[in-house]
Amino acid sequence: MAGDDIVMIHGQRLVLHGVDLPSADAVCTTSGGRKWPCGRHVREELARAAALDEVVCRPAERETAICRIGGIDIGALLVKEGLARASGDYQALEDRARAAKVGIWE
């Protein structure tokens, strides 16, 4: 569990279960050579989503949490959108994101 995997949601520090987030200052490069601030983008998207609906978290293993916004699993969504790597349960979603070349897999 890295310090960069900690996210702030409504003032609460959380480590999302099943995902490995890019560091907050990470810059990703697309296959076409375009650079984009993927770490900042992930955190901005989380903040935007958390502002739209209720965030409900439940403890998971090893001091992580499974969080949902409007009933949607945040970790699964981040991996599906190519904004995080899977570190367990979401591997099939990461495989699909890689194949589709979305987000950090672009």
# chains A, B, ... in the order shown; residues from 1 in each chain; ligands from 1
>>> closest_atom_pairs(of="range 26-62 of chain A", to="range 76-90 of chain A", cutoff="10 Å", atoms="only C-alpha atoms", output="tab-separated table")
residue	atom	partner	partner_atom	distance
A:Cys38	CA	A:Leu83	CA	7.2
A:Gly39	CA	A:Leu83	CA	8.3
A:His41	CA	A:Leu83	CA	8.3
A:Val42	CA	A:Leu83	CA	6.1
A:Arg43	CA	A:Leu83	CA	9.7
A:Glu45	CA	A:Leu78	CA	9.3
A:Leu46	CA	A:Leu78	CA	8.9
>>> write_last_selection(atoms="N, CA, C and O atoms", output="short mmCIF file (atom, residue, chain, number, x, y, z; two decimals), in the first residue's frame")
data_model
loop_
_atom_site.label_atom_id
_atom_site.label_comp_id
_atom_site.auth_asym_id
_atom_site.auth_seq_id
_atom_site.Cartn_x
_atom_site.Cartn_y
_atom_site.Cartn_z
N CYS A 38 -2.17 11.92 -15.87
CA CYS A 38 -3.09 10.85 -15.48
C CYS A 38 -3.34 10.79 -13.97
O CYS A 38 -4.46 10.54 -13.54
N GLY A 39 -2.32 11.03 -13.16
CA GLY A 39 -2.51 10.99 -11.70
C GLY A 39 -3.46 12.06 -11.21
O GLY A 39 -4.35 11.80 -10.41
N HIS A 41 -5.66 13.58 -13.09
CA HIS A 41 -6.96 13.31 -13.72
C HIS A 41 -7.79 12.34 -12.86
O HIS A 41 -8.98 12.56 -12.65
N VAL A 42 -7.16 11.27 -12.38
CA VAL A 42 -7.86 10.28 -11.55
C VAL A 42 -8.46 10.96 -10.32
O VAL A 42 -9.64 10.78 -10.00
N ARG A 43 -7.67 11.76 -9.65
CA ARG A 43 -8.15 12.39 -8.42
C ARG A 43 -9.24 13.42 -8.70
O ARG A 43 -10.20 13.55 -7.94
N GLU A 45 -11.39 13.27 -11.22
CA GLU A 45 -12.59 12.49 -11.56
C GLU A 45 -13.25 11.94 -10.30
O GLU A 45 -14.48 11.94 -10.19
N LEU A 46 -12.45 11.46 -9.35
CA LEU A 46 -13.02 10.97 -8.09
C LEU A 46 -13.73 12.09 -7.33
O LEU A 46 -14.84 11.90 -6.83
#
>>> atom_distance(atom1="CA of Ala49 in chain A", atom2="CA of Gln91 in chain A")
22.8 Å
>>> atom_distance(atom1="CA of Ile69 in chain A", atom2="CA of Trp105 in chain A")
24.2 Å
>>> residues_around(residues="Pro59 in chain A", least_positions_apart="3", cutoff="12 Å", atoms="only C-alpha atoms", output="PyMOL selection string")
chain A and resi 14-17+56+62-68
>>> write_last_selection(atoms="all heavy atoms", output="compact mmCIF listing (two decimals), in the first residue's frame")
# COMPACT_ATOMS: atom_id res chain seq x y z
N LEU A 14 -8.70 7.44 2.18
CA LEU A 14 -9.04 6.05 1.90
C LEU A 14 -8.02 5.41 0.96
O LEU A 14 -7.46 6.08 0.10
CB LEU A 14 -10.41 5.98 1.22
CG LEU A 14 -11.60 6.50 2.01
CD1 LEU A 14 -12.79 6.68 1.09
CD2 LEU A 14 -11.93 5.54 3.13
N VAL A 15 -7.83 4.12 1.13
CA VAL A 15 -7.07 3.32 0.18
C VAL A 15 -8.10 2.39 -0.46
O VAL A 15 -8.71 1.57 0.22
CB VAL A 15 -5.95 2.51 0.86
CG1 VAL A 15 -5.23 1.65 -0.16
CG2 VAL A 15 -4.98 3.43 1.58
N LEU A 16 -8.32 2.56 -1.75
CA LEU A 16 -9.33 1.77 -2.44
C LEU A 16 -8.85 0.33 -2.64
O LEU A 16 -7.72 0.10 -3.08
CB LEU A 16 -9.66 2.39 -3.80
CG LEU A 16 -10.30 3.77 -3.73
CD1 LEU A 16 -10.48 4.33 -5.14
CD2 LEU A 16 -11.62 3.73 -2.99
N HIS A 17 -9.71 -0.60 -2.32
CA HIS A 17 -9.42 -2.02 -2.45
C HIS A 17 -9.34 -2.42 -3.92
O HIS A 17 -10.16 -2.00 -4.73
CB HIS A 17 -10.51 -2.84 -1.76
CG HIS A 17 -10.35 -4.30 -1.93
ND1 HIS A 17 -9.40 -5.02 -1.25
CD2 HIS A 17 -10.99 -5.19 -2.71
CE1 HIS A 17 -9.49 -6.29 -1.59
NE2 HIS A 17 -10.44 -6.41 -2.48
N VAL A 56 -20.42 5.61 -0.22
CA VAL A 56 -20.57 4.62 0.85
C VAL A 56 -19.37 3.69 0.77
O VAL A 56 -19.10 3.11 -0.28
CB VAL A 56 -21.87 3.82 0.69
CG1 VAL A 56 -21.98 2.75 1.76
CG2 VAL A 56 -23.08 4.74 0.72
N ARG A 62 -6.75 -5.71 4.57
CA ARG A 62 -5.49 -4.96 4.73
C ARG A 62 -5.68 -3.45 4.67
O ARG A 62 -5.02 -2.76 3.89
CB ARG A 62 -4.48 -5.40 3.68
CG ARG A 62 -4.03 -6.82 3.85
CD ARG A 62 -2.96 -7.14 2.87
NE ARG A 62 -3.35 -6.69 1.54
CZ ARG A 62 -3.19 -7.36 0.43
NH1 ARG A 62 -2.60 -8.51 0.46
NH2 ARG A 62 -3.57 -6.88 -0.72
N GLU A 63 -6.56 -2.93 5.47
CA GLU A 63 -6.75 -1.49 5.63
C GLU A 63 -7.20 -0.79 4.35
O GLU A 63 -6.89 0.38 4.12
CB GLU A 63 -5.48 -0.84 6.18
CG GLU A 63 -5.10 -1.36 7.55
CD GLU A 63 -3.81 -0.74 8.05
OE1 GLU A 63 -3.52 0.41 7.71
OE2 GLU A 63 -3.11 -1.41 8.82
N THR A 64 -7.91 -1.51 3.49
CA THR A 64 -8.46 -0.89 2.29
C THR A 64 -9.97 -0.80 2.44
O THR A 64 -10.55 -1.37 3.37
CB THR A 64 -8.12 -1.71 1.03
OG1 THR A 64 -8.73 -3.00 1.12
CG2 THR A 64 -6.61 -1.84 0.84
N ALA A 65 -10.59 -0.09 1.51
CA ALA A 65 -12.04 0.05 1.54
C ALA A 65 -12.61 -0.14 0.14
O ALA A 65 -11.99 0.23 -0.85
CB ALA A 65 -12.42 1.44 2.05
N ILE A 66 -13.78 -0.73 0.09
CA ILE A 66 -14.54 -0.81 -1.15
C ILE A 66 -15.56 0.32 -1.06
O ILE A 66 -16.37 0.37 -0.14
CB ILE A 66 -15.24 -2.16 -1.31
CG1 ILE A 66 -14.19 -3.26 -1.44
CG2 ILE A 66 -16.17 -2.14 -2.52
CD1 ILE A 66 -14.75 -4.66 -1.44
N CYS A 67 -15.45 1.26 -1.98
CA CYS A 67 -16.32 2.43 -1.95
C CYS A 67 -17.21 2.46 -3.18
O CYS A 67 -16.79 2.09 -4.28
CB CYS A 67 -15.48 3.71 -1.88
SG CYS A 67 -14.50 3.84 -0.37
N ARG A 68 -18.41 2.94 -2.96
CA ARG A 68 -19.38 3.07 -4.05
C ARG A 68 -19.91 4.49 -4.06
O ARG A 68 -20.14 5.08 -3.00
CB ARG A 68 -20.54 2.09 -3.86
CG ARG A 68 -20.10 0.65 -3.90
CD ARG A 68 -21.29 -0.31 -3.71
NE ARG A 68 -20.86 -1.68 -3.62
CZ ARG A 68 -20.55 -2.43 -4.66
NH1 ARG A 68 -20.65 -1.95 -5.88
NH2 ARG A 68 -20.15 -3.68 -4.50
>>> select_by_dssp(residues="range 23-90 of chain A", states="strand (DSSP E)", output="list of chain:residue names")
A:Cys28, A:Thr29, A:Lys35, A:Trp36, A:Val55, A:Val56, A:Cys57, A:Arg58, A:Pro59, A:Ala65, A:Ile66, A:Cys67, A:Arg68, A:Ile69, A:Ile72, A:Asp73, A:Arg85, A:Ala86
>>> atom_distance(atom1="CA of Ser23 in chain A", atom2="CA of Leu52 in chain A")
24.1 Å
>>> select_by_dssp(residues="chain A", states="alpha helix (DSSP H)", output="PyMOL selection string")
chain A and resi 38-52+74-80+91-100
>>> residues_around(residues="Gly70 in chain A", least_positions_apart="6", cutoff="8 Å", atoms="only C-alpha atoms", output="VMD selection string")
chain A and resid 53 to 55
>>> write_last_selection(atoms="all heavy atoms", output="compact mmCIF listing (two decimals), in the first residue's frame")
# COMPACT_ATOMS: atom_id res chain seq x y z
N ASP A 53 -22.96 12.38 -5.84
CA ASP A 53 -23.81 11.39 -5.18
C ASP A 53 -23.17 10.93 -3.88
O ASP A 53 -22.01 11.23 -3.61
CB ASP A 53 -24.03 10.19 -6.10
CG ASP A 53 -25.37 9.51 -5.89
OD1 ASP A 53 -25.93 9.60 -4.78
OD2 ASP A 53 -25.86 8.88 -6.84
N GLU A 54 -23.92 10.20 -3.11
CA GLU A 54 -23.45 9.70 -1.82
C GLU A 54 -22.34 8.67 -2.00
O GLU A 54 -22.40 7.81 -2.87
CB GLU A 54 -24.61 9.05 -1.07
CG GLU A 54 -24.23 8.51 0.28
CD GLU A 54 -25.38 7.83 0.99
OE1 GLU A 54 -26.39 7.50 0.34
OE2 GLU A 54 -25.25 7.62 2.20
N VAL A 55 -21.31 8.79 -1.17
CA VAL A 55 -20.21 7.83 -1.16
C VAL A 55 -20.40 6.92 0.04
O VAL A 55 -20.54 7.39 1.17
CB VAL A 55 -18.84 8.54 -1.05
CG1 VAL A 55 -17.71 7.51 -1.02
CG2 VAL A 55 -18.65 9.51 -2.19
